[in-house]
$ cat input.cif   # mmCIF, C-alpha atoms
data_query
loop_
_atom_site.label_atom_id
_atom_site.label_comp_id
_atom_site.auth_asym_id
_atom_site.auth_seq_id
_atom_site.Cartn_x
_atom_site.Cartn_y
_atom_site.Cartn_z
CA MET A 10 -100.04 62.14 75.61
CA GLN A 11 -96.59 61.73 77.07
CA LYS A 12 -95.98 58.81 74.81
CA SER A 13 -97.09 60.61 71.64
CA ALA A 14 -94.91 63.62 72.46
CA SER A 15 -91.84 61.48 72.76
CA ARG A 16 -92.85 59.74 69.58
CA LYS A 17 -93.12 63.12 67.86
CA GLU A 18 -89.70 64.01 69.24
CA ARG A 19 -88.25 60.84 67.94
CA ILE A 20 -89.78 61.46 64.52
CA ALA A 21 -88.36 64.99 64.51
CA GLU A 22 -84.96 63.67 65.51
CA TYR A 23 -85.16 61.02 62.84
CA LYS A 24 -86.12 63.55 60.18
CA GLU A 25 -83.24 65.76 61.24
CA LEU A 26 -80.90 62.81 60.97
CA ILE A 27 -82.21 62.01 57.50
CA ALA A 28 -81.81 65.63 56.43
CA ARG A 29 -78.25 65.66 57.73
CA LEU A 30 -77.24 62.39 56.08
CA THR A 31 -79.14 62.39 52.80
CA PRO A 32 -77.23 64.89 50.65
CA LYS A 33 -73.89 63.34 51.51
CA SER A 34 -75.01 59.77 50.96
CA LYS A 35 -76.73 60.77 47.71
CA VAL A 36 -73.40 61.96 46.34
CA GLY A 37 -71.65 58.85 47.65
CA GLN A 38 -74.27 56.54 46.25
CA GLY A 39 -74.33 58.33 42.89
CA CYS A 40 -70.55 58.11 42.60
CA LEU A 41 -70.45 54.44 43.58
CA ARG A 42 -73.10 53.56 40.99
CA ALA A 43 -71.45 55.68 38.28
CA PHE A 44 -68.11 54.06 39.12
CA TRP A 45 -69.11 50.43 38.86
CA VAL A 46 -71.49 50.72 35.90
CA GLY A 47 -69.07 52.98 33.97
CA GLY A 48 -66.23 50.61 34.83
CA VAL A 49 -68.20 47.60 33.60
CA ILE A 50 -69.03 49.34 30.29
CA CYS A 51 -65.33 50.09 29.75
CA VAL A 52 -64.41 46.48 30.60
CA LEU A 53 -66.96 45.34 28.02
CA GLY A 54 -65.25 47.68 25.53
CA GLN A 55 -61.83 46.21 26.39
CA THR A 56 -63.22 42.68 25.96
CA LEU A 57 -64.42 43.63 22.47
CA ILE A 58 -61.02 45.18 21.62
CA ASP A 59 -59.17 42.06 22.82
CA PHE A 60 -61.58 39.84 20.89
CA GLY A 61 -61.15 41.87 17.69
CA MET A 62 -57.36 41.78 17.97
CA SER A 63 -57.05 38.06 18.76
CA ALA A 64 -59.92 36.52 16.77
CA TRP A 65 -60.09 38.85 13.77
CA HIS A 66 -56.45 40.04 13.81
CA LEU A 67 -57.51 43.69 13.79
CA THR A 68 -55.09 46.49 14.61
CA GLN A 69 -55.54 48.33 17.90
CA ALA A 70 -57.29 51.22 16.11
CA GLN A 71 -59.59 48.93 14.13
CA ALA A 72 -60.47 46.96 17.25
CA GLY A 73 -61.28 50.22 19.04
CA THR A 74 -63.64 51.13 16.21
CA LEU A 75 -65.24 47.67 16.45
CA ALA A 76 -65.77 48.18 20.19
CA SER A 77 -67.38 51.59 19.59
CA ILE A 78 -69.71 50.18 16.93
CA VAL A 79 -70.83 47.27 19.12
CA LEU A 80 -71.37 49.48 22.20
CA VAL A 81 -73.35 51.97 20.09
CA PHE A 82 -75.44 49.12 18.64
CA LEU A 83 -76.19 47.67 22.08
CA THR A 84 -77.15 51.12 23.39
CA ALA A 85 -79.47 51.81 20.46
CA ALA A 86 -81.18 48.43 20.87
CA LEU A 87 -81.50 48.72 24.67
CA THR A 88 -82.78 52.31 24.37
CA GLY A 89 -85.36 51.14 21.83
CA VAL A 90 -86.79 48.45 24.10
CA GLY A 91 -86.74 50.81 27.11
CA VAL A 92 -84.11 48.98 29.15
CA PHE A 93 -81.36 51.59 28.78
CA ASP A 94 -83.34 54.31 30.51
CA ARG A 95 -83.70 52.12 33.58
CA ILE A 96 -79.97 51.40 33.68
CA ALA A 97 -79.25 55.12 33.13
CA LYS A 98 -81.58 56.13 35.95
CA TYR A 99 -79.63 53.87 38.28
CA ALA A 100 -76.13 54.66 37.01
CA GLY A 101 -76.31 58.41 36.29
CA ALA A 102 -73.05 59.53 34.70
CA GLY A 103 -71.95 55.87 34.58
CA THR A 104 -73.86 55.51 31.32
CA VAL A 105 -73.60 59.16 30.15
CA VAL A 106 -69.82 59.50 30.09
CA PRO A 107 -68.99 56.38 28.02
CA ILE A 108 -69.85 56.33 24.30
CA THR A 109 -73.16 54.73 25.38
CA GLY A 110 -74.26 58.19 26.55
CA PHE A 111 -73.60 59.66 23.11
CA ALA A 112 -75.58 56.87 21.40
CA ASN A 113 -78.46 57.11 23.86
CA ALA A 114 -78.60 60.89 23.43
CA MET A 115 -79.15 60.30 19.70
CA VAL A 116 -81.78 57.55 19.90
CA SER A 117 -83.95 58.96 22.71
CA PRO A 118 -85.03 62.29 21.16
CA ALA A 119 -85.23 60.75 17.66
CA MET A 120 -87.66 58.15 19.01
CA GLU A 121 -89.64 60.68 20.99
CA PHE A 122 -90.07 63.15 18.11
CA ARG A 123 -90.90 60.51 15.52
CA PRO A 124 -94.54 61.80 15.37
CA GLU A 125 -93.15 65.06 13.87
CA GLY A 126 -92.11 63.08 10.82
CA PHE A 127 -89.17 61.14 9.47
CA VAL A 128 -87.26 64.23 8.36
CA LEU A 129 -87.78 66.94 10.97
CA GLY A 130 -88.71 64.47 13.72
CA THR A 131 -86.47 61.42 13.58
CA GLY A 132 -83.85 62.84 11.22
CA ALA A 133 -83.34 66.19 12.92
CA LYS A 134 -83.70 65.11 16.54
CA LEU A 135 -80.97 62.48 16.22
CA PHE A 136 -78.67 65.49 16.49
CA THR A 137 -80.28 67.40 19.36
CA ILE A 138 -77.36 66.47 21.62
CA ALA A 139 -75.06 64.70 19.16
CA GLY A 140 -75.01 67.90 17.07
CA PRO A 141 -73.34 70.07 19.72
CA VAL A 142 -71.01 67.20 20.66
CA LEU A 143 -69.87 66.85 17.04
CA VAL A 144 -69.60 70.63 16.54
CA TYR A 145 -67.25 71.00 19.50
CA GLY A 146 -65.43 67.73 18.92
CA ILE A 147 -64.77 68.33 15.23
CA SER A 148 -63.87 72.00 15.76
CA ALA A 149 -61.43 70.98 18.49
CA SER A 150 -59.83 68.42 16.16
CA VAL A 151 -59.39 71.04 13.40
CA LEU A 152 -57.78 73.46 15.87
CA VAL A 153 -55.49 70.71 17.17
CA GLY A 154 -54.55 69.74 13.60
CA LEU A 155 -53.83 73.36 12.61
CA ALA A 156 -51.81 73.99 15.76
CA TYR A 157 -49.84 70.81 15.13
CA TYR A 158 -49.18 71.89 11.55
CA PHE A 159 -47.87 75.32 12.48
CA ILE A 160 -45.79 74.05 15.38
CA SER A 161 -44.14 71.36 13.24
CA LEU A 162 -43.35 73.75 10.35
CA MET B 27 -53.19 35.59 32.56
CA GLY B 28 -52.15 37.79 35.48
CA ALA B 29 -51.19 40.60 33.13
CA ALA B 30 -54.51 40.37 31.27
CA LEU B 31 -56.44 40.48 34.55
CA TRP B 32 -54.41 43.49 35.76
CA MET B 33 -55.23 45.25 32.46
CA TYR B 34 -58.95 44.75 33.11
CA VAL B 35 -58.57 46.12 36.64
CA LYS B 36 -56.97 49.27 35.18
CA VAL B 37 -59.71 49.54 32.53
CA PHE B 38 -62.40 49.25 35.20
CA ALA B 39 -60.76 51.71 37.61
CA VAL B 40 -59.91 54.46 35.11
CA GLY B 41 -63.22 54.15 33.23
CA GLY B 42 -65.10 54.16 36.53
CA LEU B 43 -63.22 57.21 37.81
CA LEU B 44 -63.95 59.21 34.64
CA CYS B 45 -67.63 58.43 35.24
CA VAL B 46 -67.38 59.44 38.91
CA LEU B 47 -65.96 62.79 37.78
CA GLY B 48 -68.97 63.16 35.47
CA GLU B 49 -71.34 62.24 38.30
CA LEU B 50 -69.75 64.85 40.57
CA LEU B 51 -70.11 67.46 37.81
CA VAL B 52 -73.81 66.55 37.44
CA LEU B 53 -74.47 66.66 41.19
CA LYS B 54 -72.33 69.65 42.15
CA THR B 55 -72.59 71.98 39.16
CA LYS B 56 -76.00 71.02 37.71
CA LEU B 57 -74.38 70.60 34.31
CA THR B 58 -76.80 68.78 32.00
CA PRO B 59 -75.66 65.53 30.35
CA ALA B 60 -75.39 67.38 27.00
CA ARG B 61 -72.88 69.81 28.49
CA ILE B 62 -71.00 66.97 30.17
CA LEU B 63 -70.63 65.24 26.80
CA VAL B 64 -69.44 68.45 25.10
CA ALA B 65 -67.04 69.17 27.98
CA TYR B 66 -65.62 65.64 27.89
CA ILE B 67 -65.04 65.50 24.14
CA THR B 68 -63.40 68.95 24.13
CA ALA B 69 -61.27 68.15 27.18
CA GLY B 70 -60.24 64.84 25.59
CA ALA B 71 -59.12 66.57 22.39
CA PHE B 72 -57.14 69.14 24.37
CA LEU B 73 -55.49 66.58 26.70
CA SER B 74 -54.62 64.52 23.65
CA ALA B 75 -53.03 67.48 21.88
CA VAL B 76 -50.77 68.31 24.84
CA GLY B 77 -49.69 64.67 25.07
CA ILE B 78 -51.43 63.67 28.31
CA TYR B 79 -54.13 61.38 26.96
CA SER B 80 -52.02 58.96 24.92
CA PRO B 81 -50.15 57.68 27.99
CA LEU B 82 -53.48 57.31 29.80
CA ALA B 83 -54.89 55.32 26.86
CA ALA B 84 -51.76 53.13 26.83
CA PHE B 85 -52.17 52.57 30.57
CA ALA B 86 -55.92 51.97 30.77
CA GLY B 87 -57.00 50.90 27.27
CA ALA B 88 -60.77 51.03 26.90
CA GLY B 89 -60.99 52.66 30.35
CA ALA B 90 -59.65 55.78 28.62
CA THR B 91 -60.96 55.31 25.08
CA VAL B 92 -64.61 54.31 25.73
CA PRO B 93 -65.50 57.46 27.75
CA LEU B 94 -66.25 60.53 25.60
CA THR B 95 -62.82 61.98 26.41
CA GLY B 96 -61.53 59.05 24.34
CA PHE B 97 -63.70 60.21 21.44
CA GLY B 98 -62.02 63.62 21.66
CA HIS B 99 -58.64 61.90 21.90
CA ALA B 100 -59.35 59.89 18.72
CA LEU B 101 -60.43 63.09 16.90
CA ALA B 102 -57.26 64.93 17.90
CA GLN B 103 -54.90 62.02 17.17
CA GLY B 104 -56.59 61.54 13.79
CA ALA B 105 -56.09 65.20 12.92
CA MET B 106 -52.42 65.20 13.97
CA HIS B 107 -51.58 61.97 12.12
CA ALA B 108 -53.32 63.23 8.98
CA VAL B 109 -51.34 66.49 9.18
CA GLN B 110 -48.13 64.41 9.34
CA GLU B 111 -49.13 62.57 6.18
CA ASN B 112 -51.01 65.17 4.12
CA GLY B 113 -50.00 68.51 5.56
CA VAL B 114 -52.48 71.19 6.49
CA LEU B 115 -55.35 69.45 4.67
CA GLY B 116 -55.12 66.69 7.28
CA ALA B 117 -56.42 69.08 9.93
CA PHE B 118 -59.73 68.98 8.10
CA THR B 119 -59.87 65.27 7.23
CA GLY B 120 -58.12 63.45 10.05
CA GLY B 121 -60.59 63.88 12.90
CA ILE B 122 -63.68 62.50 11.23
CA THR B 123 -61.70 59.83 9.39
CA ALA B 124 -60.43 58.41 12.68
CA THR B 125 -63.87 58.40 14.28
CA ALA B 126 -65.95 57.54 11.21
CA GLY B 127 -66.91 54.08 12.48
CA GLY B 128 -68.35 55.29 15.77
CA ILE B 129 -70.13 58.30 14.26
CA THR B 130 -71.63 56.29 11.40
CA ALA B 131 -72.73 53.51 13.76
CA ALA B 132 -74.40 56.06 16.04
CA VAL B 133 -76.26 57.70 13.14
CA PHE B 134 -77.26 54.42 11.48
CA PHE B 135 -78.23 52.34 14.53
CA GLY B 136 -79.77 55.41 16.16
CA PHE B 137 -81.93 56.00 13.11
CA ILE B 138 -82.97 52.33 12.83
CA ALA B 139 -83.83 52.12 16.54
CA ALA B 140 -85.83 55.36 16.40
CA VAL B 141 -87.83 54.08 13.43
CA LEU B 142 -88.47 50.59 14.86
CA PHE B 143 -89.35 51.42 18.47
CA ARG B 144 -91.84 53.65 20.28
CA PRO B 145 -90.87 55.46 23.48
CA LYS B 146 -91.98 53.66 26.60
CA PRO B 147 -94.40 55.56 28.85
CA LYS B 148 -92.40 57.17 31.66
CA THR B 149 -93.21 55.59 35.01
#
$ encode --input "input.cif" --output "structure tokens"
Amino acid sequence: MQKSASRKERIAEYKELIARLTPKSKVGQGCLRAFWVGGVICVLGQTLIDFGMSAWHLTQAQAGTLASIVLVFLTAALTGVGVFDRIAKYAGAGTVVPITGFANAMVSPAMEFRPEGFVLGTGAKLFTIAGPVLVYGISASVLVGLAYYFISL
Amino acid sequence: MGAALWMYVKVFAVGGLLCVLGELLVLKTKLTPARILVAYITAGAFLSAVGIYSPLAAFAGAGATVPLTGFGHALAQGAMHAVQENGVLGAFTGGITATAGGITAAVFFGFIAAVLFRPKPKT
């Protein structure tokens, strides 16, 4: 009896310790994972840019486009075979924030809603998340362009 | 060689930190990934317009351009350059022109992948 009480106490203490430490370490762990996976994706992008500029003699802007296209392609393929979701689950924002997150947000719902047809399933759902991103991105670019025009008049 | 390696360190650090910021936003504010993406692209366009993002992109290369803020930066730079060349019409053509490759790739490869593959059962 004595032994089981102290065991219960120890369990309670342990649970308290877990409760105290978990939220903090969850943030720390999430940030660490997002940092290194996001960093690696960007390094992969830089490798593609450097390759495009040295091997194919592209300009900086062209090489950047090449890097975007390759990263988007890899994301679409990895999302299709189900590998990307596992990486994303581990890395959190590490895969969302780079352009990989944009590509994945297009493929995932399009794949999922395929049974609703090629037009209103696949075609429409490609833009579930990409739509808002493009709406705000494009609108911002128009505002920036207009502001630049009027300032430089 | 040393300079190239240092560049990759900067790419890794800045790209990683932009992702950490996103992770903190997810954990602390419960923003969904869709809102994070919208916030990043809008913030990138704004920071680009006020002249903050170009120095960051020069410093960190893909560490600044691969995150979605870099997408916003490319949109804004495209719009401003097109305005320089074509006047006010450029505000409407420059953004998409500069980002056409990435957008088209996302639509095309996204479509192909969605047609070819079935979703995996969630475990």
$ closest_atom_pairs --input "input.cif" --of "chain A" --to "chain B" --cutoff "7 Å" --atoms "all atoms listed in the file" --output "JSON lines"
{"residue": "A:Gly39", "atom": "CA", "partner": "B:Glu49", "partner_atom": "CA", "distance": 6.7}
{"residue": "A:Cys40", "atom": "CA", "partner": "B:Val46", "partner_atom": "CA", "distance": 5.0}
{"residue": "A:Ala43", "atom": "CA", "partner": "B:Val46", "partner_atom": "CA", "distance": 5.6}
{"residue": "A:Phe44", "atom": "CA", "partner": "B:Gly42", "partner_atom": "CA", "distance": 4.0}
{"residue": "A:Trp45", "atom": "CA", "partner": "B:Gly42", "partner_atom": "CA", "distance": 6.0}
{"residue": "A:Gly47", "atom": "CA", "partner": "B:Gly42", "partner_atom": "CA", "distance": 4.9}
{"residue": "A:Gly48", "atom": "CA", "partner": "B:Phe38", "partner_atom": "CA", "distance": 4.1}
{"residue": "A:Val49", "atom": "CA", "partner": "B:Phe38", "partner_atom": "CA", "distance": 6.2}
{"residue": "A:Cys51", "atom": "CA", "partner": "B:Gly89", "partner_atom": "CA", "distance": 5.1}
{"residue": "A:Val52", "atom": "CA", "partner": "B:Phe38", "partner_atom": "CA", "distance": 5.7}
{"residue": "A:Gly54", "atom": "CA", "partner": "B:Ala88", "partner_atom": "CA", "distance": 5.8}
{"residue": "A:Gln55", "atom": "CA", "partner": "B:Ala88", "partner_atom": "CA", "distance": 5.0}
{"residue": "A:Thr74", "atom": "CA", "partner": "B:Gly127", "partner_atom": "CA", "distance": 5.8}
{"residue": "A:Ser77", "atom": "CA", "partner": "B:Gly128", "partner_atom": "CA", "distance": 5.4}
{"residue": "A:Ile78", "atom": "CA", "partner": "B:Gly128", "partner_atom": "CA", "distance": 5.4}
{"residue": "A:Val81", "atom": "CA", "partner": "B:Ala132", "partner_atom": "CA", "distance": 5.9}
{"residue": "A:Phe82", "atom": "CA", "partner": "B:Phe135", "partner_atom": "CA", "distance": 5.9}
{"residue": "A:Ala85", "atom": "CA", "partner": "B:Gly136", "partner_atom": "CA", "distance": 5.6}
{"residue": "A:Ala86", "atom": "CA", "partner": "B:Ala139", "partner_atom": "CA", "distance": 6.3}
{"residue": "A:Gly89", "atom": "CA", "partner": "B:Phe143", "partner_atom": "CA", "distance": 5.2}
{"residue": "A:Val90", "atom": "CA", "partner": "B:Phe143", "partner_atom": "CA", "distance": 6.9}
{"residue": "A:Gly91", "atom": "CA", "partner": "B:Lys146", "partner_atom": "CA", "distance": 6.0}
{"residue": "A:Gly101", "atom": "CA", "partner": "B:Glu49", "partner_atom": "CA", "distance": 6.6}
{"residue": "A:Ala102", "atom": "CA", "partner": "B:Glu49", "partner_atom": "CA", "distance": 4.8}
{"residue": "A:Gly103", "atom": "CA", "partner": "B:Cys45", "partner_atom": "CA", "distance": 5.1}
{"residue": "A:Val105", "atom": "CA", "partner": "B:Pro59", "partner_atom": "CA", "distance": 6.7}
{"residue": "A:Val106", "atom": "CA", "partner": "B:Pro93", "partner_atom": "CA", "distance": 5.3}
{"residue": "A:Pro107", "atom": "CA", "partner": "B:Pro93", "partner_atom": "CA", "distance": 3.7}
{"residue": "A:Ile108", "atom": "CA", "partner": "B:Pro93", "partner_atom": "CA", "distance": 5.7}
{"residue": "A:Ala112", "atom": "CA", "partner": "B:Ala132", "partner_atom": "CA", "distance": 5.5}
{"residue": "A:Met115", "atom": "CA", "partner": "B:Gly136", "partner_atom": "CA", "distance": 6.1}
{"residue": "A:Val116", "atom": "CA", "partner": "B:Gly136", "partner_atom": "CA", "distance": 4.8}
{"residue": "A:Ala119", "atom": "CA", "partner": "B:Ala140", "partner_atom": "CA", "distance": 5.6}
{"residue": "A:Met120", "atom": "CA", "partner": "B:Ala140", "partner_atom": "CA", "distance": 4.2}
{"residue": "A:Glu121", "atom": "CA", "partner": "B:Pro145", "partner_atom": "CA", "distance": 5.9}
{"residue": "A:Thr131", "atom": "CA", "partner": "B:Ala140", "partner_atom": "CA", "distance": 6.7}
{"residue": "A:Ile138", "atom": "CA", "partner": "B:Ala60", "partner_atom": "CA", "distance": 5.8}
{"residue": "A:Pro141", "atom": "CA", "partner": "B:Val64", "partner_atom": "CA", "distance": 6.8}
{"residue": "A:Val142", "atom": "CA", "partner": "B:Val64", "partner_atom": "CA", "distance": 4.9}
{"residue": "A:Tyr145", "atom": "CA", "partner": "B:Thr68", "partner_atom": "CA", "distance": 6.4}
{"residue": "A:Gly146", "atom": "CA", "partner": "B:Ile67", "partner_atom": "CA", "distance": 5.7}
{"residue": "A:Ile147", "atom": "CA", "partner": "B:Gly121", "partner_atom": "CA", "distance": 6.5}
{"residue": "A:Ala149", "atom": "CA", "partner": "B:Thr68", "partner_atom": "CA", "distance": 6.3}
{"residue": "A:Ser150", "atom": "CA", "partner": "B:Ala102", "partner_atom": "CA", "distance": 4.7}
{"residue": "A:Val151", "atom": "CA", "partner": "B:Ala117", "partner_atom": "CA", "distance": 5.0}
{"residue": "A:Val153", "atom": "CA", "partner": "B:Ala102", "partner_atom": "CA", "distance": 6.1}
{"residue": "A:Gly154", "atom": "CA", "partner": "B:Ala117", "partner_atom": "CA", "distance": 4.2}
{"residue": "A:Leu155", "atom": "CA", "partner": "B:Ala117", "partner_atom": "CA", "distance": 5.7}
{"residue": "A:Tyr157", "atom": "CA", "partner": "B:Met106", "partner_atom": "CA", "distance": 6.3}
{"residue": "A:Tyr158", "atom": "CA", "partner": "B:Val114", "partner_atom": "CA", "distance": 6.1}
$ write_last_selection --input "input.cif" --atoms "C-alpha atoms" --output "PDB file, in the coordinates of the input"
ATOM      1  CA  GLY A  39     -74.330  58.330  42.890  1.00  0.00           C
ATOM      2  CA  CYS A  40     -70.550  58.110  42.600  1.00  0.00           C
ATOM      3  CA  ALA A  43     -71.450  55.680  38.280  1.00  0.00           C
ATOM      4  CA  PHE A  44     -68.110  54.060  39.120  1.00  0.00           C
ATOM      5  CA  TRP A  45     -69.110  50.430  38.860  1.00  0.00           C
ATOM      6  CA  GLY A  47     -69.070  52.980  33.970  1.00  0.00           C
ATOM      7  CA  GLY A  48     -66.230  50.610  34.830  1.00  0.00           C
ATOM      8  CA  VAL A  49     -68.200  47.600  33.600  1.00  0.00           C
ATOM      9  CA  CYS A  51     -65.330  50.090  29.750  1.00  0.00           C
ATOM     10  CA  VAL A  52     -64.410  46.480  30.600  1.00  0.00           C
ATOM     11  CA  GLY A  54     -65.250  47.680  25.530  1.00  0.00           C
ATOM     12  CA  GLN A  55     -61.830  46.210  26.390  1.00  0.00           C
ATOM     13  CA  THR A  74     -63.640  51.130  16.210  1.00  0.00           C
ATOM     14  CA  SER A  77     -67.380  51.590  19.590  1.00  0.00           C
ATOM     15  CA  ILE A  78     -69.710  50.180  16.930  1.00  0.00           C
ATOM     16  CA  VAL A  81     -73.350  51.970  20.090  1.00  0.00           C
ATOM     17  CA  PHE A  82     -75.440  49.120  18.640  1.00  0.00           C
ATOM     18  CA  ALA A  85     -79.470  51.810  20.460  1.00  0.00           C
ATOM     19  CA  ALA A  86     -81.180  48.430  20.870  1.00  0.00           C
ATOM     20  CA  GLY A  89     -85.360  51.140  21.830  1.00  0.00           C
ATOM     21  CA  VAL A  90     -86.790  48.450  24.100  1.00  0.00           C
ATOM     22  CA  GLY A  91     -86.740  50.810  27.110  1.00  0.00           C
ATOM     23  CA  GLY A 101     -76.310  58.410  36.290  1.00  0.00           C
ATOM     24  CA  ALA A 102     -73.050  59.530  34.700  1.00  0.00           C
ATOM     25  CA  GLY A 103     -71.950  55.870  34.580  1.00  0.00           C
ATOM     26  CA  VAL A 105     -73.600  59.160  30.150  1.00  0.00           C
ATOM     27  CA  VAL A 106     -69.820  59.500  30.090  1.00  0.00           C
ATOM     28  CA  PRO A 107     -68.990  56.380  28.020  1.00  0.00           C
ATOM     29  CA  ILE A 108     -69.850  56.330  24.300  1.00  0.00           C
ATOM     30  CA  ALA A 112     -75.580  56.870  21.400  1.00  0.00           C
ATOM     31  CA  MET A 115     -79.150  60.300  19.700  1.00  0.00           C
ATOM     32  CA  VAL A 116     -81.780  57.550  19.900  1.00  0.00           C
ATOM     33  CA  ALA A 119     -85.230  60.750  17.660  1.00  0.00           C
ATOM     34  CA  MET A 120     -87.660  58.150  19.010  1.00  0.00           C
ATOM     35  CA  GLU A 121     -89.640  60.680  20.990  1.00  0.00           C
ATOM     36  CA  THR A 131     -86.470  61.420  13.580  1.00  0.00           C
ATOM     37  CA  ILE A 138     -77.360  66.470  21.620  1.00  0.00           C
ATOM     38  CA  PRO A 141     -73.340  70.070  19.720  1.00  0.00           C
ATOM     39  CA  VAL A 142     -71.010  67.200  20.660  1.00  0.00           C
ATOM     40  CA  TYR A 145     -67.250  71.000  19.500  1.00  0.00           C
ATOM     41  CA  GLY A 146     -65.430  67.730  18.920  1.00  0.00           C
ATOM     42  CA  ILE A 147     -64.770  68.330  15.230  1.00  0.00           C
ATOM     43  CA  ALA A 149     -61.430  70.980  18.490  1.00  0.00           C
ATOM     44  CA  SER A 150     -59.830  68.420  16.160  1.00  0.00           C
ATOM     45  CA  VAL A 151     -59.390  71.040  13.400  1.00  0.00           C
ATOM     46  CA  VAL A 153     -55.490  70.710  17.170  1.00  0.00           C
ATOM     47  CA  GLY A 154     -54.550  69.740  13.600  1.00  0.00           C
ATOM     48  CA  LEU A 155     -53.830  73.360  12.610  1.00  0.00           C
ATOM     49  CA  TYR A 157     -49.840  70.810  15.130  1.00  0.00           C
ATOM     50  CA  TYR A 158     -49.180  71.890  11.550  1.00  0.00           C
TER      51      TYR A 158
END
$ residues_around --input "input.cif" --residues "Leu57 (chain A)" --least-positions-apart "4" --cutoff "8 Å" --atoms "all atoms listed in the file" --output "PyMOL selection string"
chain A and resi 53+61+72+75-76
$ atom_distance --input "input.cif" --atom1 "CA of Asn113 (chain A)" --atom2 "CA of Ala64 (chain A)"
28.6 Å
$ atom_distance --input "input.cif" --atom1 "CA of Thr137 (chain A)" --atom2 "CA of Ala83 (chain B)"
29.1 Å
$ atom_distance --input "input.cif" --atom1 "CA of Thr68 (chain A)" --atom2 "CA of Ser80 (chain B)"
16.5 Å
$ closest_residue --input "input.cif" --among "A:Ile20, A:Val92, A:Tyr99, A:Ala70" --to "Gln38 (chain A)" --atoms "only C-alpha atoms"
A:Tyr99
